[in-house]
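**Student:** Supplied in structure tokens, the structure appears directly below.
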Amino acid sequence: MDQLFKLGLLLLLLTRIGNAFTHKSFDQCETIVKNWKSSSLSDVREDKHVLKHLLFFLHVPRTGGRTYYHCFLRKLYPSSLVCPRSYDKFRFNRSKTDCRLLTSHDDYSVMSKLPSDRTSVVTLLRNPIDRFFSSYEFSIEVAARYMIYPNISSATKMSKLASKKSKAVTTMDIWPWKYLVPWMRDDLFARKEARKHKSLSYSQISDLYNAEDIVMPLIEYMRHPIALDIIHNGATFQVAGLTNNSNLREAHELRQCVIKYQRLGDHVLEVAKKRLDDMLYVGLTESHNESALLFANLVGAQVISQLVELNLSTELASNNEPAQNVSTVPDSKVYTSLHQKISLHLKEVEVPFVDNAPKTNESMTVEGLHEAFKKCVPELRRVQTNRRNTSFHKIPSLNFRKEDIQKSNSRYFLDAPSWRTLSLDAPSWRTLSLTTVGMLLIFIFLLVGARRTKLKLKL
């Protein structure tokens, strides 16, 4: 007994020592965060509005990034110039040393593996409330695809088998869905089991965001530690390079300090603001048409110019060294058709394209690119709607619609006490509660942000 008592004291002592090292004081955290900020705020001496050798598309989830990828970027860059996919479980891959386009759901910390003096960054931002709704809905949409299986055990087993047989990148491989989707999938099956003893029809759902017998209610989702860690302030952490998927070794420690001492978040905001200001282009989801026009003129024009130059250089090299037979002439016709094969249990993150356009460069123009974008968007949305309808095949009444979001917006968010720091994720970059004044400030910033983007074009 005496030995057990001593062992207990030893364990208690070790626990307290461990807590002393893991639970940092405010002063310790402030030093850690300030040192990181100091090392992150470097001056950009080059012209920020000139496209460099590599274009890095930092894809913030649920901002419309898929639209920009398919309807702009893949119409500009041929496959031969696209870097290996960085959306998947391999995290980051730059095996093609001379690629020109990199797209990733990873955060800004990817820049630590890129030649910063040869890389331009573009991204999209969205109102944080809309982005949260969209994240909630998409988590459920992807999780619902597994409801074709009788139970969670068979769903998990078949998912693993499908992943082994296919090399395709799936939503389950991508941040943040690799965390959010399994969580919601398990919750759907748990509620399904609990519902077996109840006589509840799907048609009886009156509030899609509070259908607790079928799916996790929005309020519960909002307050859950997983959502707090990944979605709350997610865009800010992503631009700052401090997500739970970060390449930075100290990211976890920094995140814990900022979460524990919220006023240290001002330093994270300062870094995020500086990085946004240094980017080649920042679009706003809410200003869809204006942002698209600016992208075509500011980014698209420079990409076209680069590819024309690359095409001429390649042709010259080919003429000088005919035996090598090198050809990297980019695709030029800016509108291609969309095709998608829908699978109920395995989804590719991107919608595949079939491009039958002739490989010539002379016909590509900024005006043609923008027109192609406008034609591409409705087709892409049609494909996404079909995918969503297929996903909710087993629970059709959970197929969220825009009018449902509008009805629920103020009810769920303006009065939610747990949502105190939502605006840390907002383009307004200020920590404030979701009062009417707060929402007004967010709206004002979106308008100001759109004008700042205009200024970039004029410069």
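Starting from 1 in every chain, residues are counted up; chains themselves are A, B, ... following the order of the structure tokens, and ligands are numbered from 1 as listed.
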Please report as a tab-separated table every residue of stretch 32-129 of chain A lying within 7 Å of stretch 274-294 of chain A, along with the nearest atom pair and their distance in Å (one decimal), using only C-alpha atoms.

**Tutor:**
residue	atom	partner	partner_atom	distance
A:Val44	CA	A:Asp278	CA	6.9
A:Lys48	CA	A:Leu280	CA	5.7
A:His49	CA	A:Leu280	CA	5.2
A:Thr63	CA	A:Thr285	CA	5.8
A:Gly64	CA	A:Thr285	CA	6.5
A:Ser120	CA	A:Leu280	CA	6.0
A:Val121	CA	A:Met279	CA	5.1
A:Val122	CA	A:Tyr281	CA	4.8
A:Thr123	CA	A:Val282	CA	5.2
A:Leu124	CA	A:Gly283	CA	4.6
A:Leu125	CA	A:Leu284	CA	5.1
A:Arg126	CA	A:Thr285	CA	5.2

**Student:** Mind dumping the selected residues with C-alpha atoms as a PDB file, in the first residue's frame?

**Tutor:**
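Final file, out-v5.pdb:
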ATOM      1  CA  VAL A  44       7.639  42.743 -50.173  1.00  0.00           C
ATOM      2  CA  LYS A  48       2.826  43.061 -55.812  1.00  0.00           C
ATOM      3  CA  HIS A  49       0.615  43.432 -58.874  1.00  0.00           C
ATOM      4  CA  THR A  63     -15.735  30.591 -50.937  1.00  0.00           C
ATOM      5  CA  GLY A  64     -16.369  29.578 -54.554  1.00  0.00           C
ATOM      6  CA  SER A 120       2.307  35.090 -56.483  1.00  0.00           C
ATOM      7  CA  VAL A 121      -0.672  34.252 -54.270  1.00  0.00           C
ATOM      8  CA  VAL A 122      -4.390  34.666 -54.985  1.00  0.00           C
ATOM      9  CA  THR A 123      -7.361  33.784 -52.781  1.00  0.00           C
ATOM     10  CA  LEU A 124     -11.080  34.348 -52.157  1.00  0.00           C
ATOM     11  CA  LEU A 125     -12.812  35.482 -48.963  1.00  0.00           C
ATOM     12  CA  ARG A 126     -16.441  35.146 -47.913  1.00  0.00           C
TER      13      ARG A 126
END

**Student:** Smallest atom-to-atom distance to A:Ala235: which of A:Phe295, A:Tyr209, A:Tyr77, A:Phe132, using only C-alpha atoms?

**Tutor:** A:Phe132

**Student:** From stretch 196-259 of chain A, collect each residue whose DSSP state is helix (DSSP H, G or I) and return the set as a PyMOL selection string.

**Tutor:** chain A and resi 202-204+208-210+218-223+225-230+234-240+251-259

**Student:** Could those selected residues go to a file with N, CA and C atoms, as a tab-separated table (two decimals), in the first residue's frame?

**Tutor:**
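Now in again.tsv:
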chain	number	residue	atom	x	y	z
A	202	TYR	N	-39.36	11.67	-42.54
A	202	TYR	CA	-38.51	12.77	-42.98
A	202	TYR	C	-39.32	13.98	-43.39
A	203	SER	N	-40.52	13.75	-43.91
A	203	SER	CA	-41.36	14.84	-44.39
A	203	SER	C	-41.86	15.73	-43.25
A	204	GLN	N	-41.69	15.28	-42.00
A	204	GLN	CA	-42.16	16.03	-40.85
A	204	GLN	C	-41.17	17.11	-40.40
A	208	LEU	N	-34.78	22.63	-40.97
A	208	LEU	CA	-33.64	21.82	-41.39
A	208	LEU	C	-32.42	22.00	-40.48
A	209	TYR	N	-32.35	23.13	-39.81
A	209	TYR	CA	-31.20	23.41	-38.97
A	209	TYR	C	-31.42	23.00	-37.51
A	210	ASN	N	-32.54	22.35	-37.26
A	210	ASN	CA	-32.81	21.87	-35.91
A	210	ASN	C	-33.52	20.51	-35.98
A	218	LEU	N	-27.72	22.77	-35.96
A	218	LEU	CA	-26.71	23.78	-36.26
A	218	LEU	C	-26.07	24.35	-35.00
A	219	ILE	N	-26.88	24.64	-33.98
A	219	ILE	CA	-26.35	25.21	-32.74
A	219	ILE	C	-25.36	24.25	-32.08
A	220	GLU	N	-25.71	22.97	-32.06
A	220	GLU	CA	-24.82	21.98	-31.47
A	220	GLU	C	-23.52	21.88	-32.26
A	221	TYR	N	-23.64	21.91	-33.59
A	221	TYR	CA	-22.47	21.89	-34.48
A	221	TYR	C	-21.60	23.10	-34.22
A	222	MET	N	-22.23	24.25	-34.10
A	222	MET	CA	-21.52	25.51	-33.93
A	222	MET	C	-20.69	25.53	-32.66
A	223	ARG	N	-21.20	24.91	-31.60
A	223	ARG	CA	-20.54	24.97	-30.31
A	223	ARG	C	-19.63	23.79	-30.03
A	225	PRO	N	-16.40	21.38	-30.04
A	225	PRO	CA	-14.96	21.67	-30.09
A	225	PRO	C	-14.33	21.50	-31.48
A	226	ILE	N	-14.83	20.54	-32.27
A	226	ILE	CA	-14.27	20.34	-33.60
A	226	ILE	C	-14.52	21.55	-34.48
A	227	ALA	N	-15.75	22.06	-34.44
A	227	ALA	CA	-16.07	23.26	-35.22
A	227	ALA	C	-15.31	24.47	-34.69
A	228	LEU	N	-15.21	24.57	-33.38
A	228	LEU	CA	-14.47	25.68	-32.78
A	228	LEU	C	-13.02	25.67	-33.22
A	229	ASP	N	-12.46	24.50	-33.38
A	229	ASP	CA	-11.04	24.36	-33.73
A	229	ASP	C	-10.78	24.60	-35.21
A	230	ILE	N	-11.75	24.22	-36.07
A	230	ILE	CA	-11.49	24.22	-37.50
A	230	ILE	C	-12.21	25.33	-38.27
A	234	GLY	N	-11.64	30.28	-39.22
A	234	GLY	CA	-10.85	29.41	-40.08
A	234	GLY	C	-10.11	30.12	-41.19
A	235	ALA	N	-10.76	31.11	-41.83
A	235	ALA	CA	-10.11	31.82	-42.94
A	235	ALA	C	-8.91	32.61	-42.44
A	236	THR	N	-9.04	33.22	-41.27
A	236	THR	CA	-7.93	33.98	-40.70
A	236	THR	C	-6.75	33.07	-40.40
A	237	PHE	N	-7.02	31.94	-39.75
A	237	PHE	CA	-5.95	31.00	-39.44
A	237	PHE	C	-5.33	30.44	-40.72
A	238	GLN	N	-6.13	30.27	-41.77
A	238	GLN	CA	-5.62	29.71	-43.02
A	238	GLN	C	-4.68	30.71	-43.70
A	239	VAL	N	-5.10	31.97	-43.75
A	239	VAL	CA	-4.24	33.00	-44.36
A	239	VAL	C	-3.00	33.23	-43.51
A	240	ALA	N	-3.13	33.10	-42.19
A	240	ALA	CA	-1.98	33.27	-41.30
A	240	ALA	C	-1.07	32.05	-41.30
A	251	ALA	N	2.87	25.68	-34.98
A	251	ALA	CA	1.50	26.12	-35.23
A	251	ALA	C	0.55	25.74	-34.10
A	252	HIS	N	0.65	24.51	-33.59
A	252	HIS	CA	-0.26	24.06	-32.54
A	252	HIS	C	-0.11	24.92	-31.29
A	253	GLU	N	1.12	25.19	-30.90
A	253	GLU	CA	1.38	26.00	-29.72
A	253	GLU	C	0.83	27.41	-29.90
A	254	LEU	N	1.02	27.98	-31.08
A	254	LEU	CA	0.51	29.32	-31.37
A	254	LEU	C	-1.02	29.36	-31.32
A	255	ARG	N	-1.65	28.34	-31.92
A	255	ARG	CA	-3.11	28.29	-31.92
A	255	ARG	C	-3.66	28.21	-30.49
A	256	GLN	N	-3.05	27.38	-29.67
A	256	GLN	CA	-3.53	27.22	-28.30
A	256	GLN	C	-3.40	28.53	-27.52
A	257	CYS	N	-2.32	29.25	-27.76
A	257	CYS	CA	-2.14	30.54	-27.08
A	257	CYS	C	-3.20	31.54	-27.51
A	258	VAL	N	-3.47	31.60	-28.80
A	258	VAL	CA	-4.45	32.56	-29.32
A	258	VAL	C	-5.87	32.21	-28.87
A	259	ILE	N	-6.17	30.92	-28.84
A	259	ILE	CA	-7.49	30.48	-28.40
A	259	ILE	C	-7.69	30.75	-26.91

**Student:** For A:Asp117, work out the shell of residues within 10 Å, counting only C-alpha atoms and skipping chain neighbours fewer than 2 positions away, then give it as a list in words.

**Tutor:**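 Result of the neighbour search: Val44, Arg45, Glu46, Lys52, His53, Leu54, Leu114, Pro115, Thr119 and Ser120 of chain A.
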
**Student:** With a distance cut-off of 7 Å and only C-alpha atoms, select the neighbouring residues of stretch 67-71 of chain A, excluding the residue or stretch itself and same-chain residues fewer than 5 positions from it, and output the selection as JSON, numbers by chain.

**Tutor:** {"A": [373, 376, 377]}

**Student:** Select from stretch 4-233 of chain A everything DSSP, run on the backbone, classes as strand (DSSP E or B), then give the selection as a PyMOL selection string.

**Tutor:** chain A and resi 54-58+82+101-104+119-125+170

**Student:** Counting only C-alpha atoms, which residue out of A:Ala155, A:Val60, A:Leu310, A:Val268 sits closest to A:Asp98?

**Tutor:** A:Leu310
